[in-house]
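Visitor: If it helps, the file is called entry_31.cif and holds mmCIF, C-alpha atoms and all ligand atoms:
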data_my_file
loop_
_atom_site.label_atom_id
_atom_site.label_comp_id
_atom_site.auth_asym_id
_atom_site.auth_seq_id
_atom_site.Cartn_x
_atom_site.Cartn_y
_atom_site.Cartn_z
CA MET H 63 103.13 111.46 90.82
CA ILE H 64 105.17 111.57 93.98
CA TYR H 65 103.18 112.61 97.03
CA PRO H 66 104.83 114.32 99.97
CA ILE H 67 104.84 112.10 103.07
CA VAL H 68 102.63 113.29 105.92
CA ARG H 69 104.53 113.54 109.18
CA TYR H 70 103.61 112.59 112.72
CA GLY H 71 101.36 115.26 114.21
CA GLN H 72 98.89 115.34 111.29
CA PRO H 73 95.49 113.96 112.43
CA VAL H 74 95.07 111.71 109.35
CA LEU H 75 97.84 109.47 110.72
CA GLU H 76 95.85 108.74 113.87
CA GLU H 77 92.43 108.21 112.33
CA LYS H 78 90.88 104.92 111.27
CA ALA H 79 90.99 104.75 107.46
CA LYS H 80 87.91 103.83 105.41
CA GLU H 81 87.35 100.53 103.62
CA ILE H 82 87.74 100.59 99.86
CA THR H 83 84.59 99.35 98.14
CA GLU H 84 85.28 100.03 94.46
CA PHE H 85 88.00 97.99 92.78
CA ASP H 86 89.70 97.86 89.40
CA THR H 87 89.02 101.52 88.67
CA ALA H 88 91.49 103.73 86.81
CA GLU H 89 91.61 105.96 89.89
CA LEU H 90 92.57 103.10 92.22
CA HIS H 91 95.25 101.74 89.86
CA GLN H 92 96.70 105.24 89.56
CA LEU H 93 96.72 105.67 93.33
CA VAL H 94 98.54 102.34 93.77
CA GLU H 95 101.13 103.35 91.16
CA ASP H 96 101.61 106.75 92.82
CA MET H 97 102.02 105.11 96.21
CA PHE H 98 104.81 102.85 94.96
CA GLU H 99 106.47 105.85 93.31
CA SER H 100 106.17 107.90 96.51
CA MET H 101 107.48 105.03 98.64
CA TYR H 102 110.51 104.43 96.41
CA ALA H 103 111.26 108.16 96.33
CA ALA H 104 111.24 108.19 100.13
CA ARG H 105 113.30 104.94 100.26
CA GLY H 106 110.73 103.13 102.35
CA VAL H 107 109.75 99.46 102.36
CA GLY H 108 106.09 100.20 103.05
CA LEU H 109 103.63 103.04 102.70
CA ALA H 110 100.02 103.36 103.85
CA ALA H 111 97.55 105.74 102.18
CA PRO H 112 97.08 107.91 105.31
CA GLN H 113 100.81 108.72 105.00
CA ILE H 114 100.03 110.62 101.82
CA GLY H 115 96.96 112.19 103.41
CA ILE H 116 94.40 109.72 102.03
CA GLY H 117 92.22 108.03 104.65
CA LYS H 118 91.66 104.77 102.76
CA ARG H 119 92.57 101.21 103.71
CA LEU H 120 95.34 100.75 101.19
CA ALA H 121 99.03 100.04 101.69
CA VAL H 122 101.94 99.07 99.48
CA ILE H 123 105.01 97.08 100.50
CA ASP H 124 108.27 96.18 98.81
CA THR H 125 110.97 94.92 101.14
CA THR H 126 113.48 94.98 98.24
CA THR H 127 112.95 98.79 97.87
CA GLY H 128 112.32 98.42 94.16
CA GLU H 129 115.16 96.05 93.28
CA ASP H 130 112.82 93.20 92.48
CA GLN H 131 109.56 94.30 90.80
CA GLY H 132 108.13 90.84 91.51
CA GLN H 133 108.09 91.64 95.22
CA LYS H 134 105.59 94.50 95.00
CA ILE H 135 102.67 93.89 97.37
CA VAL H 136 99.37 95.77 97.37
CA LEU H 137 97.14 95.38 100.42
CA ILE H 138 93.60 96.71 100.32
CA ASN H 139 91.38 96.35 103.39
CA PRO H 140 93.98 94.06 105.00
CA ARG H 141 93.36 91.96 108.09
CA ILE H 142 95.99 90.11 110.08
CA VAL H 143 94.53 86.62 110.51
CA ASN H 144 97.43 84.81 112.17
CA ARG H 145 100.41 85.74 114.35
CA GLU H 146 103.17 83.43 115.54
CA GLY H 147 106.32 83.77 117.61
CA SER H 148 108.10 87.00 118.32
CA GLN H 149 110.98 89.10 117.02
CA LYS H 150 112.63 92.25 118.25
CA SER H 151 114.25 94.59 115.80
CA GLU H 152 114.69 98.25 114.93
CA GLU H 153 111.71 99.86 113.29
CA GLY H 154 111.21 103.24 111.68
CA CYS H 155 108.48 105.05 109.80
CA LEU H 156 108.54 107.51 106.89
CA SER H 157 106.17 109.70 108.92
CA LEU H 158 108.71 109.86 111.74
CA PRO H 159 111.95 110.47 109.87
CA THR H 160 115.27 110.11 111.73
CA PHE H 161 113.69 108.15 114.60
CA ARG H 162 114.20 104.40 115.04
CA GLU H 163 113.32 102.19 117.99
CA GLN H 164 113.46 98.52 118.94
CA VAL H 165 109.96 97.08 118.57
CA SER H 166 108.72 93.63 119.52
CA ARG H 167 106.44 92.06 116.92
CA PRO H 168 105.21 88.59 116.03
CA LYS H 169 107.81 86.77 113.89
CA LYS H 170 105.40 85.28 111.38
CA VAL H 171 102.05 86.69 110.33
CA THR H 172 99.39 85.94 107.76
CA VAL H 173 97.45 88.76 106.16
CA ARG H 174 94.25 88.60 104.17
CA ALA H 175 93.43 91.47 101.81
CA ARG H 176 92.31 92.38 98.33
CA ASP H 177 94.46 93.52 95.44
CA ALA H 178 93.68 96.50 93.19
CA LYS H 179 91.48 94.29 91.00
CA GLY H 180 89.48 93.20 94.02
CA ALA H 181 90.82 89.63 94.13
CA GLU H 182 91.20 88.12 97.60
CA ILE H 183 94.78 87.44 98.56
CA GLU H 184 96.40 85.75 101.53
CA MET H 185 100.09 86.00 102.29
CA THR H 186 102.34 84.81 105.07
CA GLY H 187 105.50 86.70 105.86
CA GLU H 188 108.33 86.33 108.34
CA ASP H 189 110.77 88.77 109.91
CA LEU H 190 110.91 92.04 107.93
CA LEU H 191 107.89 91.17 105.79
CA ALA H 192 105.84 90.22 108.87
CA ARG H 193 106.89 93.51 110.45
CA ALA H 194 105.80 95.40 107.31
CA PHE H 195 102.38 93.68 107.25
CA LEU H 196 101.81 94.66 110.89
CA HIS H 197 103.23 98.19 110.61
CA GLU H 198 101.15 99.06 107.52
CA THR H 199 97.94 97.44 108.79
CA ASP H 200 98.42 99.40 112.02
CA HIS H 201 98.64 102.63 109.98
CA LEU H 202 95.15 101.98 108.59
CA ASP H 203 93.83 101.82 112.15
CA GLY H 204 95.56 105.09 113.04
CA THR H 205 98.26 103.34 115.05
CA LEU H 206 101.93 104.25 114.74
CA TYR H 207 104.82 102.00 115.75
CA ILE H 208 105.57 104.27 118.70
CA SER H 209 102.40 102.83 120.30
CA HIS H 210 104.40 99.62 120.72
CA ILE H 211 107.32 101.16 122.62
CA SER H 212 107.52 102.30 126.24
CA ALA H 213 105.62 105.45 127.26
CA LEU H 214 108.94 106.97 128.30
CA LYS H 215 110.51 106.54 124.87
CA ARG H 216 107.30 107.65 123.17
CA ASP H 217 107.18 110.88 125.20
CA LEU H 218 110.82 111.55 124.35
CA ILE H 219 110.03 111.27 120.62
CA ARG H 220 106.95 113.48 121.04
CA ARG H 221 109.01 116.15 122.78
CA LYS H 222 111.70 116.05 120.08
CA VAL H 223 109.04 116.31 117.35
CA ARG H 224 107.45 119.29 119.10
CA LYS H 225 110.83 121.00 119.25
CA LEU H 226 111.36 120.38 115.54
CA GLN H 227 107.86 121.68 114.79
CA LYS H 228 108.54 124.88 116.68
CA ALA H 229 111.82 125.32 114.84
CA GLY H 230 109.93 124.83 111.55
CA GLU H 231 111.99 121.72 110.80
CA TRP H 232 109.11 119.25 110.76
CA GLY H 233 107.02 119.21 107.56
ZN ZN S 1 104.96 103.89 109.01
#
In C-alpha cells, what does this structure look like?
Guide:
Amino acid sequence: MIYPIVRYGQPVLEEKAKEITEFDTAELHQLVEDMFESMYAARGVGLAAPQIGIGKRLAVIDTTTGEDQGQKIVLINPRIVNREGSQKSEEGCLSLPTFREQVSRPKKVTVRARDAKGAEIEMTGEDLLARAFLHETDHLDGTLYISHISALKRDLIRRKVRKLQKAGEWG
C-alpha cells in the first residue's frame, strides 16, 4: 500500500526513532515493500519510516528511482561509520515538498546496518548515494536537512510552511 508522506510540522519527524529488534517477519517485509512503493509514488530517492508516521529505524533508498531494481537499498538501524571529504549540492525532502537548498555533506560515507532478514550489511557511497545515507540516517534521529542550512534560511522555510499551514495547503 502507498502511505501518505508526513510533512514537516508533524512531531514524528523530529523524534528519535526506535531500534528494530525483530527481523525477517512478514510484517517487516511488508513494511519494506510498502515503503518502496510509497517512495516511488512520491518520486523520491529515499524514504525513512518516520516520514510515513512510523517511528522505527528503517529507511529505503533507490537513487535510480525504480529504474534499476538491483539498486534497492534497505537500511535498518543504520549507523554512519565513516565520512570523507565534502560536497555541496541541492537537497530536498519529501516531507518538505517544493523546498530545495544547497547543503554541505561529506562526499563519501560508509554505513553499517541490517537488512530485512537481519543480516549485517556495510556499504560505501559517494555523492548522491552518500547524501542519501546521511539524509535518511538523520531522519531516524529526528533531524531534517534544514538543520544543516543557515538559521536565516531555515526560518524563512519555517515561515513559508506556517503560511501554507494556515492556508490549508500543507498536508
Ligand atoms: Zn527527507
Visitor: Once you count only C-alpha atoms, what closest atom pair and distance in Å to one decimal does each residue of stretch 126-163 of chain H within 6 Å of stretch 69-81 of chain H have, with rows by chain and rising residue number, as a tab-separated table?
Guide:
residue	atom	partner	partner_atom	distance
H:Asn139	CA	H:Glu81	CA	5.8
H:Ser157	CA	H:Arg69	CA	4.2
H:Leu158	CA	H:Tyr70	CA	5.9
Visitor: Using only C-alpha atoms and all ligand atoms, which of the listed residues (H:Trp232, H:Arg141, H:Ala178, H:Gly154) sits closest to ligand ZN 1 (chain S)?
Guide: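 Under the stated criterion, the closest residue is H:Gly154.
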Visitor: Would you pick out the contacts of H:Arg162 at 12 Å or less, using only C-alpha atoms, so that residues sharing its chain but fewer than 2 positions from it are not included, and give the list as an NGL selection string?
Guide: :H and (151-160 or 164-165 or 207-208 or 211 or 215-216 or 219)
Visitor: Using all atoms listed in the file, which residue out of H:Ala111, H:Ala175, H:Leu214, H:Gln131 lies closest to ligand ZN 1 (chain S)?
Guide: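 Among H:Ala111, H:Ala175, H:Leu214, H:Gln131, it is H:Ala111 that comes nearest to ligand ZN 1 (chain S).
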Visitor: Could you jot down the atom CA of H:Pro112 to atom CA of H:Lys228 separation for me, Å, one decimal place?
Guide: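 Separation of atom CA of H:Pro112 and atom CA of H:Lys228: 23.4 Å.
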Visitor: Of the residues H:Ala121, H:Gln149, H:Thr83, H:Phe161, which is the one nearest to H:Leu218, using all atoms listed in the file?
Guide: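 Under the stated criterion, the closest residue is H:Phe161.
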Visitor: Please provide as a PyMOL selection string all residues within 8 Å of H:Pro168, with the sequence filter that same-chain residues fewer than 2 positions apart are discarded (counting only C-alpha atoms).
Guide: chain H and resi 145-149+166+170-171+192-193
